>>> print(open('protein_18.cif').read())   # mmCIF, C-alpha atoms
data_data
#
loop_
_atom_site.label_atom_id
_atom_site.label_comp_id
_atom_site.auth_asym_id
_atom_site.auth_seq_id
_atom_site.Cartn_x
_atom_site.Cartn_y
_atom_site.Cartn_z
CA MET V 251 0.00 0.00 0.00
CA ALA V 252 1.48 3.28 -1.16
CA VAL V 253 -0.03 5.17 1.75
CA TRP V 254 2.34 3.61 4.32
CA SER V 255 5.45 4.62 2.47
CA LYS V 256 4.05 8.15 2.04
CA LEU V 257 3.28 8.24 5.77
CA MET V 258 6.73 7.03 6.68
CA THR V 259 8.30 9.70 4.51
CA ALA V 260 6.15 12.30 6.22
CA LEU V 261 6.99 11.01 9.70
CA ARG V 262 10.69 10.68 9.10
CA GLY V 263 11.90 12.75 6.12
CA ASN V 264 11.48 16.34 7.19
CA ALA V 265 11.35 15.74 10.90
CA ASN V 266 14.75 17.21 11.64
CA MET V 267 14.47 20.29 9.47
CA LEU V 268 10.91 21.37 9.84
CA GLY V 269 9.85 20.32 13.29
CA GLU V 270 6.97 18.27 14.45
CA ALA V 271 3.94 20.41 13.61
CA ILE V 272 4.49 20.35 9.84
CA VAL V 273 5.33 16.65 9.83
CA ASP V 274 2.17 15.92 11.78
CA SER V 275 -0.03 17.84 9.43
CA GLN V 276 1.54 16.09 6.43
CA ALA V 277 0.81 12.71 7.95
CA MET V 278 -2.72 13.82 8.72
CA VAL V 279 -3.28 15.19 5.19
CA ILE V 280 -2.16 11.86 3.70
CA LEU V 281 -4.40 9.91 6.05
CA ASP V 282 -7.29 12.29 5.48
CA GLN V 283 -7.06 11.72 1.71
CA GLU V 284 -6.89 7.96 2.21
CA ILE V 285 -9.88 7.99 4.56
CA ARG V 286 -11.90 10.06 2.07
CA SER V 287 -11.05 7.72 -0.78
CA ALA V 288 -11.80 4.62 1.34
CA GLY V 289 -15.10 6.27 2.31
CA ALA V 290 -15.94 6.88 -1.36
CA ASP V 291 -15.09 3.23 -2.16
CA LEU V 292 -17.35 2.10 0.64
CA ASN V 293 -20.22 4.30 -0.55
CA SER V 294 -20.01 3.12 -4.15
CA ALA V 295 -19.83 -0.51 -3.02
CA LYS V 296 -22.89 0.07 -0.81
CA HIS V 297 -24.82 1.69 -3.67
CA ALA V 298 -23.92 -1.11 -6.07
CA LEU V 299 -24.99 -3.62 -3.44
CA ALA V 300 -28.35 -1.88 -2.91
CA ASP V 301 -28.87 -1.83 -6.68
CA ILE V 302 -28.07 -5.54 -7.10
CA MET V 303 -30.18 -6.47 -4.06
CA ALA V 304 -33.20 -4.73 -5.65
CA LYS V 305 -32.61 -6.49 -8.99
CA HIS V 306 -32.11 -9.81 -7.18
CA ARG V 307 -35.40 -9.41 -5.30
CA LEU V 308 -37.26 -8.46 -8.49
CA ALA V 309 -35.82 -11.42 -10.43
CA ALA V 310 -36.66 -13.80 -7.54
CA SER V 311 -40.26 -12.63 -7.36
CA LYS V 312 -40.62 -13.00 -11.14
CA LEU V 313 -39.29 -16.55 -10.79
CA SER V 314 -41.87 -17.40 -8.15
CA GLU V 315 -44.60 -15.88 -10.34
CA LEU V 316 -43.47 -18.14 -13.22
CA ASN V 317 -43.47 -21.16 -10.91
CA ALA V 318 -47.00 -20.29 -9.76
CA SER V 319 -48.22 -19.94 -13.31
CA LEU V 320 -46.55 -23.28 -14.22
CA THR V 321 -48.55 -25.00 -11.47
CA GLN V 322 -51.68 -23.18 -12.66
CA TYR V 323 -51.33 -24.26 -16.32
CA GLU V 324 -50.44 -27.82 -15.33
CA GLY V 325 -53.80 -27.84 -13.49
CA TYR V 326 -55.58 -26.51 -16.61
CA ALA V 327 -53.94 -29.16 -18.82
CA LEU V 328 -55.07 -31.97 -16.45
CA GLU V 329 -58.57 -30.52 -16.39
CA ALA V 330 -58.69 -30.33 -20.21
CA LEU V 331 -57.52 -33.96 -20.43
CA GLU V 332 -60.19 -35.01 -17.96
CA LYS V 333 -62.83 -33.31 -20.09
CA GLY V 334 -61.44 -35.03 -23.19
CA GLU V 335 -60.40 -31.70 -24.75
CA GLU V 336 -57.25 -33.15 -26.32
CA GLY V 337 -56.64 -30.14 -28.63
CA LEU V 338 -56.93 -27.64 -25.77
CA ALA V 339 -54.63 -29.78 -23.61
CA GLN V 340 -52.08 -29.71 -26.44
CA GLU V 341 -52.18 -25.89 -26.53
CA VAL V 342 -51.75 -25.66 -22.75
CA ALA V 343 -48.83 -28.11 -22.93
CA LEU V 344 -47.08 -25.79 -25.39
CA LYS V 345 -47.66 -22.86 -23.03
CA ILE V 346 -46.21 -24.94 -20.16
CA ALA V 347 -43.12 -25.76 -22.22
CA ASN V 348 -42.59 -22.04 -22.86
CA ILE V 349 -43.00 -21.24 -19.18
CA GLU V 350 -40.43 -23.93 -18.31
CA ILE V 351 -37.89 -22.36 -20.67
CA GLU V 352 -38.58 -18.95 -19.12
CA ILE V 353 -38.18 -20.42 -15.62
CA GLN V 354 -34.80 -21.85 -16.59
CA GLN V 355 -33.60 -18.47 -17.91
CA GLN V 356 -35.00 -16.62 -14.92
CA GLN V 357 -33.28 -19.06 -12.54
CA GLU V 358 -29.94 -18.29 -14.22
CA THR V 359 -30.59 -14.55 -13.80
CA VAL V 360 -31.44 -15.05 -10.12
CA ASN V 361 -28.28 -17.13 -9.56
CA HIS V 362 -26.20 -14.47 -11.27
CA TYR V 363 -27.64 -11.70 -9.05
CA ALA V 364 -27.14 -13.83 -5.94
CA LYS V 365 -23.47 -14.27 -6.79
CA SER V 366 -23.03 -10.54 -7.53
CA GLU V 367 -24.78 -9.70 -4.27
CA GLN V 368 -22.39 -11.97 -2.34
CA ASP V 369 -19.36 -10.45 -4.08
CA LEU V 370 -20.54 -6.94 -3.31
CA ARG V 371 -21.14 -7.85 0.33
CA TYR V 372 -17.50 -8.93 0.54
CA ALA V 373 -16.48 -5.69 -1.18
CA VAL V 374 -18.46 -3.65 1.35
CA GLN V 375 -16.95 -5.62 4.22
CA SER V 376 -13.44 -5.13 2.95
CA ALA V 377 -14.04 -1.39 2.32
CA GLU V 378 -15.40 -1.08 5.85
CA GLY V 379 -12.35 -2.88 7.25
CA ASN V 380 -10.03 -0.67 5.27
CA LEU V 381 -11.77 2.47 6.50
CA LYS V 382 -11.66 1.25 10.11
CA ARG V 383 -7.94 0.51 9.89
CA LEU V 384 -7.22 3.93 8.37
CA ARG V 385 -9.25 5.63 11.11
CA GLN V 386 -7.32 3.71 13.76
CA GLN V 387 -4.09 4.75 12.08
CA ALA V 388 -5.23 8.39 12.11
CA ASP V 389 -6.19 8.03 15.79
CA THR V 390 -2.76 6.63 16.56
CA VAL V 391 -1.02 9.46 14.69
CA LYS V 392 -3.18 12.03 16.53
CA ALA V 393 -2.55 10.36 19.90
CA THR V 394 1.18 10.23 19.17
CA GLU V 395 1.11 13.93 18.31
CA SER V 396 -0.64 14.76 21.59
CA VAL V 397 1.79 12.70 23.64
CA GLN V 398 4.78 14.15 21.83
CA ARG V 399 3.49 17.68 22.37
CA ALA V 400 3.08 16.98 26.08
CA GLN V 401 6.54 15.43 26.25
CA ALA V 402 8.02 18.40 24.39
CA ALA V 403 6.34 20.69 26.94
CA VAL V 404 7.93 18.70 29.77
CA VAL V 405 11.31 18.66 27.99
CA SER V 406 11.17 22.43 27.43
CA ARG V 407 10.52 22.96 31.15
CA TYR V 408 13.95 21.44 31.75
CA ALA V 409 15.61 23.24 28.85
CA GLY V 410 15.56 26.69 30.51
CA SER V 411 16.46 25.49 33.98
CA ASN V 412 19.44 23.71 35.48
CA ALA V 413 17.23 20.75 36.27
CA LYS V 414 18.12 17.57 34.39
CA LEU V 415 15.68 16.01 31.94
CA GLN V 416 13.91 13.08 33.51
CA THR V 417 14.81 9.89 31.66
CA ALA V 418 14.07 6.24 32.30
CA MET V 419 17.67 5.93 33.55
CA ASP V 420 16.93 8.40 36.37
CA SER V 421 13.93 6.35 37.40
CA LEU V 422 16.04 3.21 37.32
CA GLU V 423 18.68 4.89 39.52
CA ARG V 424 15.98 5.98 41.95
CA ILE V 425 14.59 2.47 42.11
CA LYS V 426 18.07 1.02 42.71
CA THR V 427 18.76 3.57 45.46
CA LYS V 428 15.44 2.80 47.07
CA GLN V 429 16.08 -0.92 46.85
CA ALA V 430 19.50 -0.44 48.46
CA GLU V 431 17.90 1.69 51.20
CA ASN V 432 15.24 -0.91 51.74
CA ALA V 433 17.86 -3.63 51.94
CA ALA V 434 19.80 -1.57 54.52
CA LYS V 435 16.61 -0.92 56.49
CA MET V 436 15.76 -4.59 56.36
CA ALA V 437 19.23 -5.51 57.65
CA ALA V 438 18.93 -2.95 60.45
CA ALA V 439 15.49 -4.22 61.35
CA GLN V 440 16.80 -7.78 61.44
CA GLU V 441 19.62 -6.72 63.75
CA LEU V 442 17.17 -4.95 66.04
CA ALA V 443 14.96 -7.98 66.05
CA ALA V 444 17.92 -10.17 66.92
CA GLU V 445 18.89 -7.85 69.76
CA SER V 446 15.42 -7.73 71.21
CA GLN V 447 15.26 -11.51 71.01
CA GLY V 448 18.52 -11.55 72.99
CA ASP V 449 16.89 -9.30 75.59
CA ALA V 450 14.01 -11.69 75.93
CA LEU V 451 16.39 -14.59 76.49
CA ASP V 452 18.29 -12.69 79.21
CA GLU V 453 14.98 -11.90 80.83
CA LYS V 454 14.09 -15.60 80.93
CA LEU V 455 17.50 -16.48 82.34
CA ARG V 456 17.13 -13.86 85.07
CA ALA V 457 13.61 -15.01 85.87
CA ALA V 458 14.90 -18.57 86.25
CA GLY V 459 17.54 -17.26 88.63
CA ILE V 460 20.35 -18.50 86.34
CA THR V 461 21.76 -15.01 85.80
CA PRO V 462 21.61 -12.35 88.49
CA GLU V 463 18.82 -9.79 88.52
CA LYS V 464 20.13 -6.37 87.52
CA THR V 465 18.50 -4.04 89.99
CA SER V 466 15.48 -4.80 92.07
CA ALA V 467 14.04 -3.69 95.39
CA ALA V 468 15.02 -7.08 96.79
CA ASN V 469 18.70 -6.81 96.00
CA VAL V 470 18.85 -3.13 97.05
CA LEU V 471 17.44 -4.13 100.42
CA ALA V 472 19.82 -7.09 100.67
CA ARG V 473 22.73 -4.77 99.90
CA LEU V 474 21.60 -2.26 102.57
CA LYS V 475 21.15 -5.04 105.17
CA ALA V 476 24.65 -6.36 104.45
CA LYS V 477 26.02 -2.85 104.93
CA GLN V 478 24.17 -2.46 108.27
CA GLN V 479 25.53 -5.73 109.59
CA SER V 480 29.12 -4.89 108.69
CA ASN V 481 28.87 -1.63 110.59
CA MET F 96 -18.39 -2.71 19.65
CA ASN F 97 -19.29 0.83 18.60
CA ASP F 98 -22.20 1.09 21.00
CA LYS F 99 -19.73 0.57 23.86
CA HIS F 100 -18.30 3.50 25.74
CA ALA F 101 -15.00 4.82 24.37
CA TRP F 102 -12.50 6.59 26.64
CA THR F 103 -11.74 10.26 26.21
CA THR F 104 -8.63 11.72 27.82
CA HIS F 105 -10.78 13.64 30.33
CA ALA F 106 -12.85 10.57 31.24
CA LEU F 107 -9.60 8.62 31.74
CA PHE F 108 -8.27 11.40 33.98
CA ASN F 109 -11.34 11.16 36.22
CA ALA F 110 -11.27 7.36 36.34
CA LEU F 111 -7.51 7.15 36.98
CA SER F 112 -7.70 9.87 39.66
CA ARG F 113 -10.09 7.62 41.58
CA SER F 114 -8.08 4.43 40.99
CA THR F 115 -6.14 2.72 43.78
CA LEU F 116 -2.90 3.50 41.93
CA VAL F 117 -3.44 7.25 42.44
CA VAL F 118 -5.50 7.20 45.66
CA SER F 119 -2.84 5.11 47.45
CA ASN F 120 -0.22 7.63 46.26
CA GLN F 121 1.75 5.09 44.23
CA ALA F 122 1.34 7.58 41.41
CA SER F 123 0.27 11.18 40.92
CA ILE F 124 -1.62 12.39 37.89
CA GLU F 125 -1.78 15.72 36.07
CA LEU F 126 -4.00 16.74 33.18
CA GLU F 127 -1.96 18.64 30.59
CA GLU F 128 -4.55 20.67 28.74
CA GLY F 129 -4.13 21.52 25.09
CA ILE F 130 -6.08 21.11 21.88
CA HIS F 131 -5.56 17.43 22.57
CA ALA F 132 -5.34 16.92 26.31
CA THR F 133 -2.73 14.50 27.67
CA LEU F 134 -2.35 12.82 31.04
CA HIS F 135 1.00 13.03 32.79
CA LEU F 136 1.33 10.25 35.32
CA THR F 137 4.29 10.15 37.71
CA LEU F 138 4.78 6.63 39.06
CA HIS F 139 6.31 7.06 42.53
CA SER F 140 6.57 3.31 42.97
CA MET F 141 8.68 3.19 39.78
CA GLY F 142 11.30 5.83 40.65
CA ASP F 143 8.97 8.71 39.67
CA LEU F 144 8.82 7.46 36.08
CA PRO F 145 6.69 9.82 33.93
CA VAL F 146 4.09 8.10 31.74
CA PHE F 147 1.96 9.97 29.22
CA ILE F 148 -1.52 8.79 28.31
CA THR F 149 -3.96 10.06 25.74
CA ALA F 150 -7.20 8.83 24.20
CA GLU F 151 -7.95 9.68 20.62
CA GLY F 152 -10.89 8.21 18.70
CA GLU F 153 -10.62 4.44 19.04
CA GLN F 154 -7.09 4.39 20.45
CA VAL F 155 -5.53 4.87 23.85
CA LEU F 156 -1.79 5.49 23.79
CA VAL F 157 0.41 4.95 26.84
CA GLU F 158 3.95 6.22 26.38
CA SER F 159 7.09 6.83 28.35
CA LEU F 160 10.28 8.60 27.35
CA LEU F 161 13.38 6.40 27.54
CA TRP F 162 16.26 8.81 26.85
CA PRO F 163 17.49 11.25 24.19
CA GLN F 164 19.42 9.68 21.33
CA ALA F 165 22.26 12.02 22.32
CA MET F 166 22.78 9.86 25.44
CA VAL F 167 23.43 6.73 23.38
CA LYS F 168 27.13 6.08 22.92
CA ASP F 169 26.93 3.94 19.75
CA VAL F 170 23.57 4.54 18.04
CA ALA F 171 23.99 1.81 15.37
CA ALA F 172 24.95 -0.81 17.95
CA PHE F 173 22.14 0.26 20.26
CA ASN F 174 19.50 0.17 17.48
CA ASP F 175 20.72 -3.29 16.53
CA GLU F 176 20.49 -4.45 20.14
CA VAL F 177 16.97 -3.03 20.50
CA LEU F 178 15.72 -4.84 17.38
CA ALA F 179 17.43 -8.06 18.39
CA THR F 180 15.99 -8.06 21.92
CA HIS F 181 12.65 -6.31 21.42
CA LYS F 182 10.58 -9.46 21.92
CA VAL F 183 11.53 -9.67 25.60
CA PHE F 184 9.25 -6.69 26.19
CA PRO F 185 5.80 -8.08 25.45
CA LEU F 186 3.12 -5.60 24.39
CA SER F 187 5.44 -2.58 24.53
CA THR F 188 7.14 -1.05 21.52
CA ILE F 189 10.28 1.07 21.35
CA SER F 190 10.24 3.96 18.93
CA LEU F 191 12.48 6.87 17.97
CA ASP F 192 10.62 10.18 17.91
CA THR F 193 11.68 13.67 16.91
CA LEU F 194 10.27 16.29 19.25
CA ALA F 195 9.45 19.89 18.32
CA ASN F 196 12.87 21.05 19.51
CA GLY F 197 14.44 18.81 16.84
CA GLU F 198 15.90 16.41 19.41
CA ARG F 199 15.38 12.69 18.91
CA TYR F 200 14.19 10.58 21.79
CA TYR F 201 13.71 6.88 22.26
CA THR F 202 10.30 6.17 23.73
CA MET F 203 8.44 3.05 24.73
CA PHE F 204 4.72 2.83 24.15
CA GLY F 205 1.72 0.57 24.13
CA ALA F 206 -1.54 1.21 22.26
CA LEU F 207 -4.86 -0.25 23.22
CA SER F 208 -8.47 0.07 22.15
CA ALA F 209 -10.42 3.04 23.54
CA PHE F 210 -13.13 0.49 24.41
CA SER F 211 -10.81 -1.28 26.89
CA SER F 212 -11.77 -1.50 30.56
CA LEU F 213 -10.09 0.70 33.20
CA ASP F 214 -8.35 -2.45 34.48
CA ASP F 215 -6.87 -3.00 31.02
CA VAL F 216 -5.60 0.60 30.94
CA LEU F 217 -4.11 0.22 34.43
CA PHE F 218 -2.49 -3.06 33.41
CA GLU F 219 -1.01 -1.38 30.34
CA ILE F 220 0.43 1.43 32.51
CA GLU F 221 2.00 -1.02 34.97
CA LEU F 222 3.30 -3.25 32.20
CA LEU F 223 4.80 -0.33 30.30
CA ALA F 224 6.46 1.07 33.43
CA ASP F 225 7.84 -2.36 34.26
CA ASN F 226 9.16 -2.79 30.71
CA VAL F 227 10.69 0.71 30.70
CA ILE F 228 12.61 0.03 33.91
CA LYS F 229 13.71 -3.39 32.64
CA ALA F 230 14.83 -1.78 29.35
CA ALA F 231 16.74 0.93 31.24
CA ASP F 232 18.51 -1.78 33.20
CA ALA F 233 19.15 -4.02 30.19
CA TYR F 234 20.40 -1.26 27.88
CA SER F 235 22.28 0.78 30.49
CA THR F 236 25.67 -0.24 29.06
CA PHE F 237 24.82 1.68 25.86
CA ILE F 238 23.93 4.88 27.69
CA SER F 239 26.45 7.52 28.73
CA GLU F 240 26.04 9.27 32.05
CA GLY F 241 24.31 12.64 31.80
CA VAL F 242 23.23 14.46 28.63
#
>>> encode(input="protein_18.cif", output="structure tokens")
Amino acid sequence: MAVWSKLMTALRGNANMLGEAIVDSQAMVILDQEIRSAGADLNSAKHALADIMAKHRLAASKLSELNASLTQYEGYALEALEKGEEGLAQEVALKIANIEIEIQQQQETVNHYAKSEQDLRYAVQSAEGNLKRLRQQADTVKATESVQRAQAAVVSRYAGSNAKLQTAMDSLERIKTKQAENAAKMAAAQELAAESQGDALDEKLRAAGITPEKTSAANVLARLKAKQQSN
Amino acid sequence: MNDKHAWTTHALFNALSRSTLVVSNQASIELEEGIHATLHLTLHSMGDLPVFITAEGEQVLVESLLWPQAMVKDVAAFNDEVLATHKVFPLSTISLDTLANGERYYTMFGALSAFSSLDDVLFEIELLADNVIKAADAYSTFISEGV
């Protein structure tokens, strides 16, 4: 499809020299033309389909009329035979033969219209698909333009200042720093946890009288009593 | 499909502002007004990575800037590496864009249907951010420090 190569030229070719706005509008002009032409294709396919559908319906109803009249004349012929009107029956038989030939021709016409109708339905479907894809492409180009404009606005905020442009690398650095901090915090927390576990163990040992109590009313009193006695 | 509700950038702003991602302060969101409005999401949980989102017709585009081409030490080698390894980043695409100031930037983006659910949009944002950070890590040897 020639449109993609035209689009690529528009997106890439003049980008450096002319800046985004002109490139964008070129891409949009190309897509706009393609969408219009796809829309015209779709309309003409739809009109042709409507036309063929009408002809198909007409031919089909003529066929059923012929079939009805065949049944009718077959009835007349039987009636004529019953009444012994051999000559009349002969005439009706000729009429029936003519109707049968007409039915055959009409059936061919109906089949032909049915096939054309099917072909045109495919054509309409494919034109619709084409139009939908082009619209999506235009939406993507427009969305890309919007995002690029917003990014350019963010970039230009950094351009005038000393602040550094935010790139994915900065985010990665931040994540790594945070991960390192978290790891350090985790290690510190583990140490603290270990220490407090140690405290709990000492407490148990003291409670069991295995290690001496640090300071309690009981051992202060004991110490005072010992002092009194030595005096 | 067409009778379903399609996102507009403003509707996405409202929905994302109420999402857990923003409410729980994992990300902050700004609406950049313009002829075509754009959302500027800063993902705090991803090292303050900026992600741009816009809805246009039947498409929602989620995009993040990787780095300026000027930061790439060997452009040919880097481009080759990107093409050779692109498939490790499912659903995200790397592209080289020229901004209005004439500078070329590598970006990563994902496009989805404007008829997608909010969950799909949120998934796309998280996936893109994850892929961007993985790409930054994987390609860091090609990037020079500072611009």
>>> closest_atom_pairs(input="protein_18.cif", of="chain F", to="chain V", cutoff="9 Å", atoms="all atoms listed in the file", output="Markdown table")
| residue | atom | partner | partner_atom | distance |
| --- | --- | --- | --- | --- |
| F:Glu127 | CA | V:Ala400 | CA | 7.0 |
| F:Glu128 | CA | V:Ala400 | CA | 8.9 |
| F:Gly129 | CA | V:Ser396 | CA | 8.4 |
| F:Ile130 | CA | V:Ser396 | CA | 8.4 |
| F:His131 | CA | V:Ser396 | CA | 5.7 |
| F:Ala132 | CA | V:Ser396 | CA | 7.0 |
| F:Thr133 | CA | V:Val397 | CA | 6.3 |
| F:Leu134 | CA | V:Ala400 | CA | 8.4 |
| F:His135 | CA | V:Ala400 | CA | 8.1 |
| F:Ser140 | CA | V:Ile425 | CA | 8.1 |
| F:Met141 | CA | V:Ile425 | CA | 6.4 |
| F:Gly142 | CA | V:Ser421 | CA | 4.2 |
| F:Asp143 | CA | V:Ser421 | CA | 5.9 |
| F:Leu144 | CA | V:Ser421 | CA | 5.4 |
| F:Pro145 | CA | V:Gln416 | CA | 7.9 |
| F:Phe147 | CA | V:Val397 | CA | 6.2 |
| F:Ile148 | CA | V:Val397 | CA | 6.9 |
| F:Thr149 | CA | V:Ala393 | CA | 6.0 |
| F:Ala150 | CA | V:Ala393 | CA | 6.5 |
| F:Glu151 | CA | V:Asp389 | CA | 5.4 |
| F:Gly152 | CA | V:Asp389 | CA | 5.5 |
| F:Glu153 | CA | V:Gln386 | CA | 6.3 |
| F:Gln154 | CA | V:Asp389 | CA | 6.0 |
| F:Val155 | CA | V:Ala393 | CA | 7.4 |
| F:Leu156 | CA | V:Ala393 | CA | 6.3 |
| F:Val157 | CA | V:Val397 | CA | 8.5 |
| F:Glu158 | CA | V:Val397 | CA | 7.4 |
| F:Ser159 | CA | V:Ala418 | CA | 8.0 |
| F:Leu160 | CA | V:Thr417 | CA | 6.4 |
| F:Leu161 | CA | V:Ala418 | CA | 4.8 |
| F:Trp162 | CA | V:Thr417 | CA | 5.1 |
| F:Pro163 | CA | V:Thr417 | CA | 8.1 |
| F:Asp192 | CA | V:Gln398 | CA | 8.1 |
| F:Thr193 | CA | V:Ala265 | CA | 6.4 |
| F:Leu194 | CA | V:Ala402 | CA | 6.0 |
| F:Ala195 | CA | V:Glu270 | CA | 4.9 |
| F:Asn196 | CA | V:Gly269 | CA | 7.0 |
| F:Gly197 | CA | V:Asn266 | CA | 5.4 |
| F:Glu198 | CA | V:Asn266 | CA | 7.9 |
| F:Arg199 | CA | V:Asn266 | CA | 8.6 |
| F:Ala206 | CA | V:Thr390 | CA | 8.0 |
| F:Val227 | CA | V:Ala418 | CA | 6.7 |
| F:Ile228 | CA | V:Leu422 | CA | 5.8 |
| F:Lys229 | CA | V:Leu422 | CA | 8.4 |
| F:Ala230 | CA | V:Ala418 | CA | 8.6 |
| F:Ala231 | CA | V:Met419 | CA | 5.6 |
| F:Asp232 | CA | V:Leu422 | CA | 6.9 |
| F:Ser235 | CA | V:Met419 | CA | 7.6 |
| F:Ile238 | CA | V:Met419 | CA | 8.6 |
| F:Gly241 | CA | V:Lys414 | CA | 8.3 |
| F:Val242 | CA | V:Lys414 | CA | 8.3 |
>>> residues_around(input="protein_18.cif", residues="V:Leu299", least_positions_apart="5", cutoff="7 Å", atoms="all atoms listed in the file", output="CSV table (one decimal) with C-alpha atoms, in the frame of the given file")
chain,number,residue,atom,x,y,z
V,367,GLU,CA,-24.8,-9.7,-4.3
V,370,LEU,CA,-20.5,-6.9,-3.3
V,371,ARG,CA,-21.1,-7.8,0.3
>>> residues_near_point(input="protein_18.cif", point="(-49.7, -29.0, -20.4)", cutoff="10 Å", atoms="only C-alpha atoms", output="ChimeraX atom specification")
/V:320-331,338-347
>>> resolve_selection(input="protein_18.cif", expression="the PyMOL selection byres ((chain V and resi 291) around 10)", output="list in words")
Ile285, Arg286, Ser287, Ala288, Gly289, Ala290, Leu292, Asn293, Ser294, Ala295, Lys296, His297, Ala373, Val374, Ser376, Ala377, Glu378, Asn380 and Leu381 of chain V
>>> closest_residue(input="protein_18.cif", among="F:Leu186, F:Leu191, F:Tyr201, F:Ser123", to="F:Met166", atoms="all atoms listed in the file")
F:Tyr201
>>> atom_distance(input="protein_18.cif", atom1="atom CA of V:Ala318", atom2="atom CA of V:Asp301")
26.1 Å
>>> atom_distance(input="protein_18.cif", atom1="atom CA of F:Phe218", atom2="atom CA of F:Tyr234")
23.6 Å
>>> closest_residue(input="protein_18.cif", among="V:Gly379, V:Asn317, V:Gln355, V:Leu384", to="V:Met278", atoms="all atoms listed in the file")
V:Leu384
>>> atom_distance(input="protein_18.cif", atom1="atom CA of F:His100", atom2="atom CA of V:Arg383")
19.2 Å
>>> axis_aligned_box(input="protein_18.cif", around="stretch 376-381 of chain V", padding_each_side="5 Å", output="JSON")
{"center_x": -12.7, "center_y": -1.3, "center_z": 4.8, "size_x": 15.4, "size_y": 17.6, "size_z": 14.9}
>>> resolve_selection(input="protein_18.cif", expression="the PyMOL selection byres ((chain F and resi 124) around 9)", output="number ranges by chain")
F: 108, 111-112, 117, 122-123, 125-126, 134-138
>>> closest_residue(input="protein_18.cif", among="F:Gln164, F:Val177, F:Asp214, F:Thr202", to="F:Thr115", atoms="only C-alpha atoms")
F:Asp214
>>> build_atoms(input="protein_18.cif", residues="stretch 132-145 of chain F", atoms="N, CA and C atoms", output="mmCIF file, keeping the file's coordinate frame")
data_model
loop_
_atom_site.group_PDB
_atom_site.id
_atom_site.type_symbol
_atom_site.label_atom_id
_atom_site.label_comp_id
_atom_site.auth_asym_id
_atom_site.auth_seq_id
_atom_site.Cartn_x
_atom_site.Cartn_y
_atom_site.Cartn_z
ATOM 1 N N ALA F 132 -5.821 17.045 24.940
ATOM 2 C CA ALA F 132 -5.340 16.920 26.310
ATOM 3 C C ALA F 132 -4.529 15.631 26.467
ATOM 4 N N THR F 133 -3.574 15.660 27.396
ATOM 5 C CA THR F 133 -2.730 14.500 27.670
ATOM 6 C C THR F 133 -2.617 14.316 29.171
ATOM 7 N N LEU F 134 -2.550 13.073 29.620
ATOM 8 C CA LEU F 134 -2.350 12.820 31.040
ATOM 9 C C LEU F 134 -0.875 12.574 31.309
ATOM 10 N N HIS F 135 -0.393 13.177 32.377
ATOM 11 C CA HIS F 135 1.000 13.030 32.790
ATOM 12 C C HIS F 135 1.004 12.336 34.140
ATOM 13 N N LEU F 136 1.357 11.063 34.105
ATOM 14 C CA LEU F 136 1.330 10.250 35.320
ATOM 15 C C LEU F 136 2.761 10.125 35.834
ATOM 16 N N THR F 137 2.965 10.358 37.130
ATOM 17 C CA THR F 137 4.290 10.150 37.710
ATOM 18 C C THR F 137 4.195 8.947 38.647
ATOM 19 N N LEU F 138 4.896 7.869 38.275
ATOM 20 C CA LEU F 138 4.780 6.630 39.060
ATOM 21 C C LEU F 138 5.824 6.627 40.178
ATOM 22 N N HIS F 139 5.378 6.978 41.394
ATOM 23 C CA HIS F 139 6.310 7.060 42.530
ATOM 24 C C HIS F 139 6.902 5.698 42.852
ATOM 25 N N SER F 140 6.082 4.661 42.655
ATOM 26 C CA SER F 140 6.570 3.310 42.970
ATOM 27 C C SER F 140 7.604 2.843 41.943
ATOM 28 N N MET F 141 7.725 3.565 40.818
ATOM 29 C CA MET F 141 8.680 3.190 39.780
ATOM 30 C C MET F 141 9.727 4.295 39.616
ATOM 31 N N GLY F 142 10.259 4.801 40.706
ATOM 32 C CA GLY F 142 11.300 5.830 40.650
ATOM 33 C C GLY F 142 10.823 7.105 39.972
ATOM 34 N N ASP F 143 9.571 7.486 40.247
ATOM 35 C CA ASP F 143 8.970 8.710 39.670
ATOM 36 C C ASP F 143 8.982 8.714 38.140
ATOM 37 N N LEU F 144 8.838 7.554 37.542
ATOM 38 C CA LEU F 144 8.820 7.460 36.080
ATOM 39 C C LEU F 144 7.609 8.213 35.516
ATOM 40 N N PRO F 145 7.845 9.148 34.552
ATOM 41 C CA PRO F 145 6.690 9.820 33.930
ATOM 42 C C PRO F 145 6.108 8.960 32.811
#
